[in-house]
Amino acid sequence: MVSEANQNSEGSPVSSVTKGWQHLMVLPSKFSAKVVELMLQLKKLGKEDPRRVIHSLKVALAITLVSAFYYFKPLYDGFGSSAMWAVFTVVVVSEFSVGNSHNQFDYVAHAGATLGKGLNRGLATFLAGALGLGSHYMVTSISRGDIMEPILLGTVIFVTTAGVTYIRFLPQMKARYDYGLLVFILTFCLVSESSYRGCEILDIAQKRLTTIFTGGLISVLVCIFVCPVWAGGDLHNLVSKNIEKLGSFLQGFGEEYFGTSEVGETNKSSMQGYKSVLNSKQVEDNLANFAMWEPCHGRFRFRHPWQQYQKIGSLSRQCAYRIDALNGFLNSTKTPLEIKSKIQEPCMKMSTETGMALKELALAIQKMISPSAADPHIAKSKIAATNLRAMIKTGLWEDTNLFEVVPVMTVASLLLDVVSCTEKLAESIQELSTLAKFKNKDSKVVAETPKSPNKEEAPQPCHRDNSGPQHVITINQSSTNLSHNGNS
């Protein structure tokens with residue numbers, strides 16, 4: 001009876017109204033909590049990368065500037081509804097591209113991305129508009145009646161769009177000009193089809209081309225001169241940090257694998273930083289593509305060898321794949337320590353020296369100096385590799401279980417591959433140093449030391465004019481003293 005009464009009370013209209021009223025009273029607090037949570041997310045988003053805030057303000061500034069086509073009556077009277085194309089151009093061209101931020105892959109606004117899209121859009125619009133108008137006048141002059149004109153115009157559109165679409169499949173066109181080819185197809189079709197019905201097609205094309213060019217120019221200028229974010233700098237830092245992560249793992253691998261010292265949790269976490277290198281190809285390719293559009297800036301000159309960074313990144317990933325395989329043996333407890341100890345010295349030497357070499361290579365890229373400081377470490381690692389090969393040939397594990405030896409031999413083989421990869425990486429960075437004209441580490445300005453009053457100053461030659469013949473005058477001090485004594 002009691003349960004039936006409770007069910008009746010719960011299903012009564014009074015209880016439904018009460019629950020509804022309670023939900024209604026809770027709505028303001030839930031709404032305020034959601035607003036606070038959203039504000040905290042926005043704050044966190046800006047703290048993680050302040051460039052997002054700057055990019056938003058730059059896009060707003062560019063749109064505000066191109067809105068002058070609507071706000072000022074003389075500009076609106078000159079361009080009319082075509083002024084909206086300037087706003088469209090700013091929104092589309094203001095690229096927010098994939099990049100590197102705080103050692104993580106993220107979305108970053110780069111000047112090269114905006115510049116590349118702006119040039120692609122402007123050039124494609126101009127060429128497509130000119131070709132569309134040319135097609136219109138050519139078809140009009142050839143056709144003698146209304147029946148042939150749409151047939152010829154459709155044929156031109158079919159051939160042109162099919163050819164340009166097929167060209168988009170070329171890798172070099174896909175990488176840098178895919179957006180421009182897409183805009184070319186769109187603009188060519190709009191101009192060609194509207195020219196068949198429009199009587200003022202030339203005037204419309206001129207207005208749209210002018211507004212698109214203005215919108216793209218404003219976007220590029222704002223992106224370059226207002227807090228620019230250079231893709232080249234991000235690529236430079238990304239490649240350097242990736243190599244440094246590889247070096248950090250190798251420096252700690254020997255002690256961790258052979259158990260010679262206790263490695264803390266912080267060191268273990270720093271050793272796992274190499275994993276971000278494994279999936280860095282797409283980001284490096286995007287940054288290199290955007291950097292090619294950028295003008296010279298900072299330490300990077302005109303026609304900086306950005307493609308060499310892609311080669312270095314590829315070699316870094318090859319090294320990272322082997323390091324990832326080495327990481328799988330860190331927690332392996334199947335191999336006894338007495339078996340590991342037989343090759344402990346050369347393996348630890350290779351691991352430590354290659355780690356130090358990679359750190360020196362990363363520093364050379366970061367500071368844009370010659371990577372010669374890594375040569376001694378690479379030489380020592382190669383000597384250790386030679387010693388390890390000689391030890392393996394002597395038959396260290398003849399009376400040992402084969403299943404216990406295989407993991408140790410695999411680690412040794414992987415370390416030998418890492419030494420080879422490090423040597424190739426050093427050669428590639430040396431090539432980058434030559435192409436980019438890195439500074440020599442030894443060519444430093446030496447500070448002038450204060451002269452001691454007790455030391456006799458060496459005579460300095462006169463450098464007034466070195467073009468003529470030079471004469472050296474030697475004064476015999478002893479003969480001068482004798483003649484002076486004789487006169488006295």
# chains A, B, ... in the order shown; residues from 1 in each chain; ligands from 1
>>> select_by_dssp(residues="range 167-393 of chain A", states="helix (DSSP H, G or I)", output="PyMOL selection string")
chain A and resi 167+171-176+178-197+201-225+231-258+265-278+281-293+306-327+337-367+371-393
>>> closest_atom_pairs(of="range 159-244 of chain A", to="range 312-330 of chain A", cutoff="9 Å", atoms="only C-alpha atoms", output="Markdown table")
| residue | atom | partner | partner_atom | distance |
| --- | --- | --- | --- | --- |
| A:Val239 | CA | A:Gly313 | CA | 6.3 |
| A:Asn242 | CA | A:Ser316 | CA | 7.4 |
| A:Ile243 | CA | A:Ser316 | CA | 6.5 |
>>> write_last_selection(atoms="all heavy atoms", output="PDB file, in the first residue's frame")
ATOM      1  N   VAL A 239      63.035  21.528 -36.291  1.00  0.00           N
ATOM      2  CA  VAL A 239      64.072  20.552 -36.671  1.00  0.00           C
ATOM      3  C   VAL A 239      65.152  20.477 -35.596  1.00  0.00           C
ATOM      4  O   VAL A 239      65.624  19.387 -35.237  1.00  0.00           O
ATOM      5  CB  VAL A 239      64.670  20.942 -38.038  1.00  0.00           C
ATOM      6  CG1 VAL A 239      65.883  20.081 -38.363  1.00  0.00           C
ATOM      7  CG2 VAL A 239      63.624  20.809 -39.139  1.00  0.00           C
ATOM      8  N   ASN A 242      63.763  18.622 -32.482  1.00  0.00           N
ATOM      9  CA  ASN A 242      63.603  17.186 -32.740  1.00  0.00           C
ATOM     10  C   ASN A 242      64.928  16.440 -32.596  1.00  0.00           C
ATOM     11  O   ASN A 242      64.986  15.354 -32.010  1.00  0.00           O
ATOM     12  CB  ASN A 242      63.030  16.970 -34.135  1.00  0.00           C
ATOM     13  CG  ASN A 242      61.549  17.283 -34.210  1.00  0.00           C
ATOM     14  OD1 ASN A 242      60.877  17.421 -33.186  1.00  0.00           O
ATOM     15  ND2 ASN A 242      61.026  17.409 -35.410  1.00  0.00           N
ATOM     16  N   ILE A 243      65.995  17.013 -33.127  1.00  0.00           N
ATOM     17  CA  ILE A 243      67.309  16.382 -33.004  1.00  0.00           C
ATOM     18  C   ILE A 243      67.757  16.366 -31.545  1.00  0.00           C
ATOM     19  O   ILE A 243      68.359  15.396 -31.065  1.00  0.00           O
ATOM     20  CB  ILE A 243      68.328  17.114 -33.891  1.00  0.00           C
ATOM     21  CG1 ILE A 243      67.929  16.986 -35.365  1.00  0.00           C
ATOM     22  CG2 ILE A 243      69.726  16.563 -33.685  1.00  0.00           C
ATOM     23  CD1 ILE A 243      68.808  17.768 -36.313  1.00  0.00           C
TER      24      ILE A 243
END
>>> atom_distance(atom1="CA of His297 in chain A", atom2="CA of Pro371 in chain A")
22.8 Å
>>> closest_residue(among="A:Asp77, A:Glu431, A:Asp178, A:Glu360", to="Leu246 in chain A", atoms="only C-alpha atoms")
A:Glu360
>>> closest_residue(among="A:Ala113, A:Ile378, A:Val411, A:Leu182", to="Phe258 in chain A", atoms="only C-alpha atoms")
A:Val411
>>> residues_around(residues="range 153-158 of chain A", least_positions_apart="3", cutoff="9 Å", atoms="only C-alpha atoms", output="list of chain:residue names")
A:Gly132, A:Ser135, A:His136, A:Val139, A:Met148, A:Glu149, A:Pro150, A:Thr161, A:Ala162, A:Gly163, A:Phe188, A:Cys189, A:Ser192, A:Glu193, A:Tyr196
>>> closest_residue(among="A:Thr214, A:Tyr274, A:Pro50, A:Cys227", to="Phe79 in chain A", atoms="only C-alpha atoms")
A:Thr214
>>> decode(residues="range 125-136 of chain A", atoms="N, CA and C atoms", output="PDB file, in the first residue's frame")
ATOM      1  N   THR A 125      43.120  34.518 -60.237  1.00  0.00           N
ATOM      2  CA  THR A 125      41.975  35.335 -60.636  1.00  0.00           C
ATOM      3  C   THR A 125      42.280  36.142 -61.887  1.00  0.00           C
ATOM      4  N   PHE A 126      43.478  36.720 -61.933  1.00  0.00           N
ATOM      5  CA  PHE A 126      43.859  37.525 -63.099  1.00  0.00           C
ATOM      6  C   PHE A 126      43.941  36.664 -64.359  1.00  0.00           C
ATOM      7  N   LEU A 127      44.627  35.526 -64.267  1.00  0.00           N
ATOM      8  CA  LEU A 127      44.776  34.669 -65.452  1.00  0.00           C
ATOM      9  C   LEU A 127      43.434  34.082 -65.899  1.00  0.00           C
ATOM     10  N   ALA A 128      42.633  33.631 -64.920  1.00  0.00           N
ATOM     11  CA  ALA A 128      41.343  33.045 -65.273  1.00  0.00           C
ATOM     12  C   ALA A 128      40.406  34.088 -65.866  1.00  0.00           C
ATOM     13  N   GLY A 129      40.428  35.306 -65.302  1.00  0.00           N
ATOM     14  CA  GLY A 129      39.584  36.363 -65.863  1.00  0.00           C
ATOM     15  C   GLY A 129      39.995  36.740 -67.269  1.00  0.00           C
ATOM     16  N   ALA A 130      41.318  36.852 -67.481  1.00  0.00           N
ATOM     17  CA  ALA A 130      41.793  37.184 -68.826  1.00  0.00           C
ATOM     18  C   ALA A 130      41.469  36.068 -69.816  1.00  0.00           C
ATOM     19  N   LEU A 131      41.656  34.819 -69.406  1.00  0.00           N
ATOM     20  CA  LEU A 131      41.353  33.708 -70.304  1.00  0.00           C
ATOM     21  C   LEU A 131      39.851  33.582 -70.561  1.00  0.00           C
ATOM     22  N   GLY A 132      39.039  33.861 -69.535  1.00  0.00           N
ATOM     23  CA  GLY A 132      37.595  33.816 -69.723  1.00  0.00           C
ATOM     24  C   GLY A 132      37.102  34.873 -70.694  1.00  0.00           C
ATOM     25  N   LEU A 133      37.635  36.098 -70.541  1.00  0.00           N
ATOM     26  CA  LEU A 133      37.265  37.157 -71.487  1.00  0.00           C
ATOM     27  C   LEU A 133      37.760  36.833 -72.890  1.00  0.00           C
ATOM     28  N   GLY A 134      38.988  36.327 -72.978  1.00  0.00           N
ATOM     29  CA  GLY A 134      39.510  35.960 -74.290  1.00  0.00           C
ATOM     30  C   GLY A 134      38.689  34.874 -74.950  1.00  0.00           C
ATOM     31  N   SER A 135      38.251  33.896 -74.167  1.00  0.00           N
ATOM     32  CA  SER A 135      37.396  32.833 -74.711  1.00  0.00           C
ATOM     33  C   SER A 135      36.075  33.389 -75.201  1.00  0.00           C
ATOM     34  N   HIS A 136      35.526  34.346 -74.432  1.00  0.00           N
ATOM     35  CA  HIS A 136      34.246  34.939 -74.813  1.00  0.00           C
ATOM     36  C   HIS A 136      34.361  35.662 -76.157  1.00  0.00           C
TER      37      HIS A 136
END
